[in-house]
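Here's upload_19.txt, which has compact mmCIF, C-alpha atoms:
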# COMPACT_ATOMS: atom_id res chain seq x y z
CA MET A 167 -91.61 228.25 -31.35
CA ARG A 168 -90.04 230.10 -34.28
CA VAL A 169 -92.35 232.23 -36.44
CA LEU A 170 -90.64 233.53 -39.56
CA CYS A 171 -92.22 236.94 -40.33
CA THR A 172 -92.00 238.17 -43.92
CA VAL A 173 -92.34 241.67 -45.38
CA GLY A 174 -91.89 242.95 -48.91
CA THR A 175 -93.61 246.29 -49.46
CA ARG A 176 -94.48 249.44 -47.57
CA PRO A 177 -97.93 248.29 -46.34
CA ASN A 178 -96.42 245.02 -45.04
CA PHE A 179 -94.23 246.94 -42.60
CA MET A 180 -97.19 248.67 -40.94
CA LYS A 181 -99.03 245.34 -40.65
CA MET A 182 -96.07 243.33 -39.35
CA ALA A 183 -94.20 245.75 -37.05
CA PRO A 184 -96.61 245.44 -34.09
CA VAL A 185 -96.96 241.67 -34.66
CA VAL A 186 -93.21 241.09 -34.40
CA ARG A 187 -93.07 243.10 -31.16
CA SER A 188 -96.08 241.30 -29.71
CA LEU A 189 -94.74 237.83 -30.56
CA GLU A 190 -91.37 238.62 -29.04
CA SER A 191 -92.98 239.93 -25.87
CA CYS A 192 -94.73 236.52 -25.57
CA GLY A 193 -91.40 234.73 -25.82
CA ILE A 194 -92.01 233.58 -29.40
CA GLU A 195 -88.96 233.87 -31.66
CA ALA A 196 -89.96 236.12 -34.58
CA PRO A 197 -87.09 236.68 -37.04
CA LEU A 198 -87.90 239.02 -39.91
CA VAL A 199 -87.17 238.39 -43.60
CA HIS A 200 -87.43 241.30 -46.07
CA THR A 201 -87.91 240.20 -49.68
CA GLY A 202 -86.80 243.60 -50.97
CA GLN A 203 -89.83 244.05 -53.24
CA HIS A 204 -89.84 247.72 -52.13
CA TYR A 205 -86.26 248.81 -51.76
CA ASP A 206 -85.80 252.60 -51.86
CA HIS A 207 -85.35 254.50 -48.62
CA ALA A 208 -88.81 256.07 -48.29
CA MET A 209 -90.63 252.87 -49.22
CA SER A 210 -88.55 250.50 -47.10
CA GLU A 211 -85.54 251.53 -45.01
CA VAL A 212 -87.31 254.33 -43.15
CA PHE A 213 -89.71 251.83 -41.53
CA PHE A 214 -86.94 250.17 -39.58
CA GLU A 215 -85.98 253.61 -38.28
CA GLU A 216 -89.45 254.99 -37.55
CA LEU A 217 -91.35 251.90 -36.39
CA GLY A 218 -88.57 250.45 -34.26
CA MET A 219 -88.67 247.21 -36.25
CA PRO A 220 -85.84 244.77 -35.72
CA ARG A 221 -83.44 244.54 -38.66
CA PRO A 222 -84.26 241.66 -40.99
CA VAL A 223 -82.12 238.56 -40.60
CA GLN A 224 -82.18 238.37 -44.40
CA ASN A 225 -82.88 240.83 -47.22
CA LEU A 226 -83.56 238.84 -50.39
CA GLY A 227 -83.12 241.92 -52.62
CA VAL A 228 -85.61 240.82 -55.28
CA GLY A 229 -86.28 244.37 -56.53
CA SER A 230 -88.78 245.23 -59.24
CA GLY A 231 -89.80 243.37 -62.40
CA THR A 232 -92.87 241.75 -63.90
CA HIS A 233 -95.19 239.82 -61.60
CA ALA A 234 -93.65 236.54 -62.79
CA GLN A 235 -90.07 237.74 -62.36
CA GLN A 236 -90.65 239.15 -58.91
CA THR A 237 -92.60 236.11 -57.68
CA ALA A 238 -90.01 233.72 -59.13
CA ARG A 239 -87.10 235.51 -57.44
CA VAL A 240 -88.85 235.36 -54.07
CA LEU A 241 -89.67 231.66 -54.55
CA VAL A 242 -86.03 230.74 -55.22
CA ALA A 243 -84.46 232.94 -52.52
CA PHE A 244 -87.04 232.32 -49.78
CA GLU A 245 -86.91 228.55 -50.18
CA GLN A 246 -83.25 228.61 -49.14
CA VAL A 247 -84.06 230.78 -46.10
CA CYS A 248 -86.84 228.42 -45.00
CA ILE A 249 -84.64 225.35 -45.34
CA GLU A 250 -81.88 226.97 -43.28
CA MET A 251 -84.09 228.48 -40.56
CA GLU A 252 -86.61 225.63 -40.14
CA PRO A 253 -89.49 227.81 -38.88
CA ASP A 254 -92.54 226.33 -37.14
CA LEU A 255 -94.74 228.82 -39.05
CA VAL A 256 -94.24 231.34 -41.84
CA LEU A 257 -96.27 234.51 -41.28
CA VAL A 258 -97.17 236.62 -44.33
CA ALA A 259 -99.20 239.82 -44.58
CA GLY A 260 -101.41 241.50 -47.15
CA ASP A 261 -101.68 240.70 -50.85
CA VAL A 262 -98.46 241.53 -52.71
CA ASN A 263 -96.30 239.18 -54.81
CA SER A 264 -93.98 238.54 -51.85
CA THR A 265 -96.98 237.41 -49.79
CA VAL A 266 -98.11 234.67 -52.17
CA ALA A 267 -94.54 233.58 -53.02
CA CYS A 268 -93.51 233.11 -49.38
CA ALA A 269 -96.76 231.26 -48.63
CA LEU A 270 -96.23 228.93 -51.60
CA VAL A 271 -92.65 228.11 -50.58
CA ALA A 272 -93.72 227.33 -46.99
CA ALA A 273 -96.67 225.18 -48.09
CA LYS A 274 -94.46 223.09 -50.42
CA LEU A 275 -91.97 222.58 -47.59
CA HIS A 276 -94.87 221.39 -45.36
CA CYS A 277 -94.44 224.39 -43.07
CA PRO A 278 -97.71 225.94 -41.80
CA VAL A 279 -98.59 229.43 -43.06
CA GLY A 280 -100.30 232.25 -41.15
CA HIS A 281 -101.90 235.06 -43.16
CA VAL A 282 -102.32 238.50 -41.61
CA GLU A 283 -105.25 240.32 -43.29
CA SER A 284 -107.10 237.26 -44.60
CA GLY A 285 -110.45 237.06 -46.33
CA LEU A 286 -110.56 240.43 -48.08
CA ARG A 287 -112.13 240.19 -51.55
CA SER A 288 -112.79 242.73 -54.30
CA PHE A 289 -114.33 239.97 -56.49
CA ASP A 290 -112.25 241.40 -59.35
CA ARG A 291 -109.82 238.78 -60.66
CA SER A 292 -108.23 241.34 -63.00
CA MET A 293 -106.47 242.74 -59.91
CA PRO A 294 -103.22 240.82 -59.27
CA GLU A 295 -103.74 241.42 -55.54
CA GLU A 296 -107.03 239.52 -55.65
CA VAL A 297 -105.31 236.46 -57.10
CA ASN A 298 -102.59 236.74 -54.43
CA ARG A 299 -105.17 237.00 -51.63
CA ILE A 300 -107.16 233.96 -52.73
CA VAL A 301 -104.13 231.72 -53.25
CA THR A 302 -102.52 232.77 -49.94
CA ASP A 303 -105.72 232.17 -47.96
CA HIS A 304 -106.12 228.68 -49.39
CA LEU A 305 -102.51 227.81 -48.52
CA SER A 306 -102.84 229.05 -44.93
CA SER A 307 -103.36 227.10 -41.70
CA LEU A 308 -104.12 230.24 -39.67
CA LEU A 309 -106.15 233.06 -41.20
CA PHE A 310 -106.17 236.35 -39.28
CA VAL A 311 -109.14 238.48 -40.35
CA THR A 312 -109.49 242.28 -40.06
CA GLU A 313 -113.24 242.74 -40.65
CA GLU A 314 -116.51 240.77 -40.67
CA SER A 315 -116.66 240.54 -44.49
CA GLY A 316 -113.49 238.41 -44.34
CA LEU A 317 -115.26 235.81 -42.19
CA ARG A 318 -118.12 235.54 -44.68
CA ASN A 319 -115.80 235.31 -47.68
CA LEU A 320 -113.63 232.56 -46.21
CA GLU A 321 -116.65 230.59 -45.04
CA SER A 322 -118.20 230.77 -48.52
CA GLU A 323 -114.92 229.47 -50.00
CA GLY A 324 -115.09 226.40 -47.76
CA ILE A 325 -112.18 227.19 -45.44
CA PRO A 326 -112.65 225.37 -42.09
CA SER A 327 -113.80 227.74 -39.35
CA ASP A 328 -111.20 226.50 -36.85
CA ARG A 329 -108.48 228.07 -39.02
CA ILE A 330 -110.16 231.50 -39.11
CA HIS A 331 -109.61 234.13 -36.39
CA LEU A 332 -111.14 237.63 -36.35
CA VAL A 333 -108.41 239.61 -34.56
CA GLY A 334 -108.81 243.11 -36.00
CA ASN A 335 -106.46 245.24 -38.05
CA THR A 336 -102.76 245.18 -37.13
CA MET A 337 -102.07 248.17 -39.42
CA ILE A 338 -104.35 250.23 -37.20
CA ASP A 339 -102.21 249.13 -34.21
CA THR A 340 -99.29 250.90 -35.91
CA LEU A 341 -101.43 253.96 -36.64
CA ARG A 342 -102.69 254.26 -33.05
CA GLU A 343 -99.18 253.91 -31.68
CA ASN A 344 -97.75 256.63 -33.92
CA ILE A 345 -100.55 259.12 -34.59
CA GLU A 346 -99.60 261.60 -31.87
CA SER A 347 -95.96 261.92 -32.94
CA ALA A 348 -97.01 261.94 -36.62
CA VAL A 349 -99.38 264.90 -36.17
CA ALA A 350 -96.83 266.72 -33.99
CA ARG A 351 -94.45 266.77 -36.99
CA ARG A 352 -96.81 269.23 -38.73
CA SER A 353 -95.62 267.84 -42.09
CA TRP A 354 -98.10 270.03 -43.99
CA GLU A 355 -96.03 273.08 -43.00
CA ALA A 356 -93.25 272.00 -45.37
CA LEU A 357 -95.63 272.56 -48.32
CA VAL A 358 -96.10 276.24 -49.02
CA GLY A 359 -99.52 277.66 -48.29
CA LEU A 360 -101.12 274.60 -46.74
CA GLN A 361 -103.31 274.78 -43.67
CA PRO A 362 -104.77 271.86 -41.69
CA LYS A 363 -108.14 270.61 -42.96
CA LYS A 364 -107.88 272.90 -46.00
CA TYR A 365 -106.11 270.63 -48.49
CA ALA A 366 -106.69 267.33 -50.30
CA LEU A 367 -104.21 264.45 -50.28
CA ALA A 368 -103.95 262.11 -53.28
CA THR A 369 -102.24 258.73 -53.69
CA VAL A 370 -102.43 256.78 -56.95
CA HIS A 371 -100.37 253.70 -57.78
CA ARG A 372 -102.53 250.87 -59.18
CA PRO A 373 -101.51 249.68 -62.66
CA GLU A 374 -104.98 250.28 -64.12
CA ASN A 375 -104.72 253.95 -63.09
CA VAL A 376 -101.08 254.72 -63.92
CA ASP A 377 -99.70 252.29 -66.52
CA ASP A 378 -101.98 253.34 -69.36
CA PRO A 379 -101.31 256.88 -70.69
CA GLN A 380 -105.02 257.66 -71.15
CA SER A 381 -105.95 256.50 -67.65
CA LEU A 382 -103.12 258.43 -66.02
CA GLU A 383 -103.95 261.55 -68.05
CA HIS A 384 -107.58 261.24 -66.89
CA VAL A 385 -106.49 260.88 -63.24
CA ILE A 386 -104.25 263.96 -63.54
CA LYS A 387 -107.05 265.93 -65.19
CA ILE A 388 -109.42 265.05 -62.33
CA LEU A 389 -106.86 265.99 -59.68
CA GLY A 390 -106.28 269.23 -61.62
CA GLU A 391 -110.02 270.01 -61.47
CA VAL A 392 -110.03 269.35 -57.71
CA ALA A 393 -106.97 271.63 -57.39
CA ARG A 394 -108.99 274.55 -58.82
CA SER A 395 -110.84 274.79 -55.52
CA VAL A 396 -108.46 273.23 -52.99
CA PRO A 397 -104.69 272.55 -52.89
CA VAL A 398 -103.90 268.92 -53.77
CA VAL A 399 -100.80 267.23 -52.35
CA PHE A 400 -99.65 264.23 -54.39
CA PRO A 401 -96.83 262.12 -52.91
CA ALA A 402 -96.05 260.03 -55.99
CA HIS A 403 -95.16 256.34 -55.72
CA PRO A 404 -91.86 255.86 -57.65
CA ARG A 405 -93.62 253.96 -60.44
CA THR A 406 -96.31 256.64 -60.75
CA ARG A 407 -93.67 259.36 -60.98
CA ASP A 408 -91.79 257.39 -63.65
CA ARG A 409 -95.00 257.08 -65.69
CA ILE A 410 -95.76 260.81 -65.34
CA ILE A 411 -92.29 261.58 -66.75
CA ASP A 412 -92.41 258.83 -69.42
CA PHE A 413 -95.78 260.05 -70.73
CA GLY A 414 -94.70 263.73 -70.65
CA PHE A 415 -97.35 264.83 -68.15
CA GLU A 416 -95.08 266.84 -65.84
CA GLN A 417 -96.20 270.16 -67.31
CA LYS A 418 -99.88 269.26 -66.76
CA LEU A 419 -99.64 269.08 -62.97
CA PRO A 420 -101.21 271.99 -61.07
CA LEU A 421 -100.50 269.97 -57.91
CA HIS A 422 -97.98 269.71 -55.10
CA LEU A 423 -96.16 266.71 -56.63
CA ILE A 424 -93.72 265.39 -54.03
CA ASP A 425 -91.62 262.27 -53.44
CA PRO A 426 -93.00 259.41 -51.33
CA LEU A 427 -93.03 260.43 -47.67
CA PRO A 428 -91.72 258.51 -44.68
CA TYR A 429 -94.54 256.82 -42.75
CA LEU A 430 -94.85 259.36 -39.94
CA ASP A 431 -94.85 262.37 -42.28
CA PHE A 432 -97.47 260.74 -44.50
CA LEU A 433 -99.63 259.75 -41.53
CA GLY A 434 -99.51 263.31 -40.18
CA LEU A 435 -100.39 264.74 -43.60
CA MET A 436 -103.30 262.29 -43.92
CA ALA A 437 -104.65 263.04 -40.44
CA GLU A 438 -104.77 266.78 -41.17
CA ALA A 439 -106.20 266.50 -44.72
CA ALA A 440 -109.77 267.62 -45.40
CA VAL A 441 -110.23 264.76 -47.86
CA VAL A 442 -108.09 261.95 -49.31
CA LEU A 443 -108.34 260.65 -52.89
CA THR A 444 -106.75 257.23 -53.28
CA ASP A 445 -106.67 253.84 -54.96
CA SER A 446 -104.88 252.26 -51.98
CA GLY A 447 -106.58 249.66 -49.78
CA GLY A 448 -104.52 250.58 -46.72
CA VAL A 449 -105.32 254.28 -47.03
CA GLN A 450 -109.05 253.44 -47.10
CA GLU A 451 -108.57 251.75 -43.72
CA GLU A 452 -106.36 254.46 -42.23
CA THR A 453 -108.75 257.28 -43.19
CA THR A 454 -111.64 255.33 -41.63
CA ALA A 455 -109.63 254.93 -38.40
CA LEU A 456 -108.82 258.66 -38.46
CA GLY A 457 -112.33 259.81 -39.41
CA VAL A 458 -111.00 261.58 -42.54
CA PRO A 459 -113.28 261.59 -45.64
CA CYS A 460 -111.92 259.28 -48.34
CA LEU A 461 -112.74 259.02 -52.06
CA THR A 462 -111.62 255.72 -53.56
CA LEU A 463 -110.67 256.03 -57.23
CA ARG A 464 -111.76 252.48 -58.06
CA GLU A 465 -114.94 250.66 -59.07
CA ASN A 466 -114.69 248.15 -56.19
CA THR A 467 -113.07 247.67 -52.80
CA GLU A 468 -111.98 244.62 -50.84
CA ARG A 469 -112.54 246.60 -47.64
CA PRO A 470 -116.34 247.10 -47.56
CA VAL A 471 -116.37 248.00 -43.86
CA THR A 472 -114.72 251.33 -44.74
CA ILE A 473 -117.84 252.20 -46.76
CA GLU A 474 -120.49 250.55 -44.57
CA GLN A 475 -119.16 252.00 -41.30
CA GLY A 476 -116.28 254.29 -42.13
CA THR A 477 -115.67 257.51 -44.06
CA ASN A 478 -114.97 256.01 -47.48
CA ARG A 479 -116.93 256.33 -50.75
CA LEU A 480 -116.31 254.56 -54.07
CA VAL A 481 -116.21 257.14 -56.87
CA GLY A 482 -114.17 255.41 -59.60
CA LEU A 483 -112.78 257.95 -62.06
CA ASN A 484 -116.11 259.77 -62.37
CA GLN A 485 -115.09 263.43 -62.39
CA ASP A 486 -118.57 264.76 -61.54
CA ALA A 487 -118.95 262.37 -58.58
CA ILE A 488 -115.47 263.31 -57.32
CA LEU A 489 -116.00 267.08 -57.56
CA GLN A 490 -119.44 266.79 -55.97
CA SER A 491 -117.99 264.71 -53.12
CA VAL A 492 -115.18 267.22 -52.52
CA SER A 493 -117.79 270.02 -52.38
CA GLN A 494 -119.80 268.01 -49.84
CA VAL A 495 -116.74 267.54 -47.65
CA PHE A 496 -115.99 271.25 -47.58
CA ALA A 497 -119.67 272.03 -46.95
CA GLY A 498 -119.45 269.82 -43.83
CA ASP A 499 -121.90 267.36 -45.39
CA TRP A 500 -120.02 264.07 -44.93
CA PRO A 501 -120.88 261.12 -42.69
CA LYS A 502 -118.73 261.05 -39.54
CA GLY A 503 -118.40 257.29 -39.75
CA GLN A 504 -117.32 254.98 -36.97
CA VAL A 505 -114.25 252.88 -36.31
CA PRO A 506 -114.93 249.18 -37.01
CA ASP A 507 -114.90 246.59 -34.22
CA LEU A 508 -111.45 245.45 -33.05
CA TRP A 509 -109.64 248.32 -34.79
CA ASP A 510 -108.58 249.34 -31.31
CA GLY A 511 -104.79 249.00 -31.39
CA LYS A 512 -104.83 245.50 -29.84
CA ALA A 513 -105.08 243.27 -32.92
CA SER A 514 -101.44 242.13 -32.63
CA PHE A 515 -102.01 241.05 -29.03
CA ARG A 516 -105.04 238.95 -30.08
CA LEU A 517 -103.06 237.45 -32.96
CA SER A 518 -100.20 236.51 -30.60
CA GLU A 519 -102.65 234.85 -28.21
CA VAL A 520 -103.98 232.69 -31.06
CA LEU A 521 -100.43 231.71 -32.03
CA LYS A 522 -99.46 230.87 -28.44
CA LYS A 523 -102.48 228.59 -28.12
CA TRP A 524 -101.79 227.03 -31.54
CA GLY A 525 -98.16 226.40 -30.65
CA GLY A 526 -99.07 225.00 -27.26
CA SER A 527 -101.44 222.49 -28.84
CA GLY A 528 -98.60 220.88 -30.79
CA ASN A 529 -99.94 222.03 -34.16
CA HIS A 530 -96.56 223.36 -35.16
CA GLU A 531 -94.78 220.03 -35.01
CA HIS A 532 -94.29 219.04 -38.61
Any chance you could put this one into structure tokens?
Amino acid sequence: MRVLCTVGTRPNFMKMAPVVRSLESCGIEAPLVHTGQHYDHAMSEVFFEELGMPRPVQNLGVGSGTHAQQTARVLVAFEQVCIEMEPDLVLVAGDVNSTVACALVAAKLHCPVGHVESGLRSFDRSMPEEVNRIVTDHLSSLLFVTEESGLRNLESEGIPSDRIHLVGNTMIDTLRENIESAVARRSWEALVGLQPKKYALATVHRPENVDDPQSLEHVIKILGEVARSVPVVFPAHPRTRDRIIDFGFEQKLPLHLIDPLPYLDFLGLMAEAAVVLTDSGGVQEETTALGVPCLTLRENTERPVTIEQGTNRLVGLNQDAILQSVSQVFAGDWPKGQVPDLWDGKASFRLSEVLKKWGGSGNHEH
């Protein structure tokens, strides 16, 4: 059986790396295709070095652009790859433009699709990721779910239960495998004056927070207020950094503004942070797995388990709520949280077992 595994952006690598290894250890051929949606070294190349991922058999090199441009380039380039490689299944992960484009190509070529991280819903259609998630799930033959809310969402959308498999979170497999070496790097030492558990870490990249000058200025003002009482480290996504420069906000940053970090350095910095402020879905999950307090700078989340069981709290861009929450963290008044079921480092193994059984039943003959 040949499972064509696709990646496009930084979070995809963490979700797919352990899956590729697990499939190959089961004797399933798992060639990797990189769409090139993220293409600079820290957002892409470093993952092949740090996570021991096999080199992609193809890099489609789609680069950046509008949602339509990016999706269209993947559609055209990936169709050719699929025709040449004749996979039995195309495996996609997450909710980026590459995810939905690869799923659409496969579905139109009558090739089954597997979706890693199915069923997550923010119920906010203004988020492009929400549209990508819904479309991908409805194109998929195998839906691999990370948390219980995903089961409920897919069931309510009428997806047959025999397609849905709660396997856990493959991104947490990557975290568990690498956390020791990540912390041992002591990446906080490279930033002057930082001490473990005495700094905040911020990541902001969503269009609604960074593409509008007023929104970005408000985010920077909030982070500046937090920085009055605790050092704030801000590894800026390339697009966020471009916006900061374009809008002339560089002088307004009382923060440690740094370039995007390689995965292991970022993981180590996150593990030793006192609190993380983010608009990233993956970071909400990683902080929950690590037991690190997390403030999500959004009005909704597609990962409710991180709030119900984990260490996450939705604060939007409410400055008072954020400053109060930071004070609570440093006062030791924050719920410890628990790690959700099946976030145990073995999700990729469970996913591979499902695929082996599926392949053995002749489902993949098309």
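Nearest residue to Thr336 of chain A among A:Ala269, A:Val282, A:Val370, A:Ala350 is A:Val282, counting all atoms listed in the file.
Distances from A:Glu355, A:Glu313, A:Glu383, A:Glu416 to Thr472 of chain A were compared using only C-alpha atoms, and the smallest one belongs to A:Glu313.
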| Straight-line distance linking atom CA of Val173 of chain A with atom CA of Val258 of chain A, stated in Å to one decimal | 7.1 Å
Can I get the residues of segment 476-518 of chain A within 12 Å of segment 396-403 of chain A, each with the closest pair of atoms and their distance in Å to one decimal, using all atoms listed in the file, sorted chain first then ascending number, as JSON lines?
{"residue": "A:Leu489", "atom": "CA", "partner": "A:Val396", "partner_atom": "CA", "distance": 10.7}
{"residue": "A:Val492", "atom": "CA", "partner": "A:Val396", "partner_atom": "CA", "distance": 9.0}
{"residue": "A:Ser493", "atom": "CA", "partner": "A:Val396", "partner_atom": "CA", "distance": 9.9}
{"residue": "A:Val495", "atom": "CA", "partner": "A:Val396", "partner_atom": "CA", "distance": 11.4}
{"residue": "A:Phe496", "atom": "CA", "partner": "A:Val396", "partner_atom": "CA", "distance": 9.5}
Generate a file of the selected residues that holds C-alpha atoms, formatted as a compact mmCIF listing (two decimals), keeping the file's coordinate frame.
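Written file, part12.txt:
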# COMPACT_ATOMS: atom_id res chain seq x y z
CA LEU A 489 -116.00 267.08 -57.56
CA VAL A 492 -115.18 267.22 -52.52
CA SER A 493 -117.79 270.02 -52.38
CA VAL A 495 -116.74 267.54 -47.65
CA PHE A 496 -115.99 271.25 -47.58
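If you look at atom CA of Ile410 of chain A and atom CA of Ala356 of chain A, they are 23.0 Å away from each other.
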| query | When distances are computed from only C-alpha atoms, which of A:Pro278, A:Pro253, A:Gly260, A:Gly193 shows the smallest separation from Val311 of chain A? | reply | A:Gly260
Residue neighbourhood Cys460 of chain A, 8 Å, all atoms listed in the file, exclusion window fewer than 2 positions, as a PDB file with C-alpha atoms, in the frame of the given file:
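This is the output file out03.pdb:
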ATOM      1  CA  VAL A 441    -110.230 264.760 -47.860  1.00  0.00           C
ATOM      2  CA  VAL A 442    -108.090 261.950 -49.310  1.00  0.00           C
ATOM      3  CA  LEU A 443    -108.340 260.650 -52.890  1.00  0.00           C
ATOM      4  CA  THR A 444    -106.750 257.230 -53.280  1.00  0.00           C
ATOM      5  CA  GLN A 450    -109.050 253.440 -47.100  1.00  0.00           C
ATOM      6  CA  THR A 453    -108.750 257.280 -43.190  1.00  0.00           C
ATOM      7  CA  THR A 454    -111.640 255.330 -41.630  1.00  0.00           C
ATOM      8  CA  VAL A 458    -111.000 261.580 -42.540  1.00  0.00           C
ATOM      9  CA  THR A 462    -111.620 255.720 -53.560  1.00  0.00           C
ATOM     10  CA  THR A 477    -115.670 257.510 -44.060  1.00  0.00           C
ATOM     11  CA  ASN A 478    -114.970 256.010 -47.480  1.00  0.00           C
ATOM     12  CA  ARG A 479    -116.930 256.330 -50.750  1.00  0.00           C
TER      13      ARG A 479
END
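A straight line drawn from atom CA of Leu309 of chain A to atom CA of Thr172 of chain A is 15.3 Å long.
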| request: Fewer than 5 positions away in the same chain doesn't count, so skip those; otherwise give me all residues within 9 Å of Lys512 of chain A, counting only C-alpha atoms, as an MDAnalysis selection string. | output: chainID A and resid 333:336 338:339 517
| field | Residue contacts of His384 of chain A (12 Å, all atoms listed in the file) excluding same-chain residues fewer than 2 positions away, as a PyMOL selection string | value | chain A and resi 374-382+386-391+410+415+418-419+463+482-485
| message | So, with all atoms listed in the file as the atoms that count, which of A:Leu170, A:Leu357, A:Met337, A:Leu367 lies closest to Asp510 of chain A? | response | A:Met337
| task | Return the single residue from A:Leu241, A:Val199, A:Leu255, A:Val185 that is closest to Gly525 of chain A, with distances computed using all atoms listed in the file. | result | A:Leu255
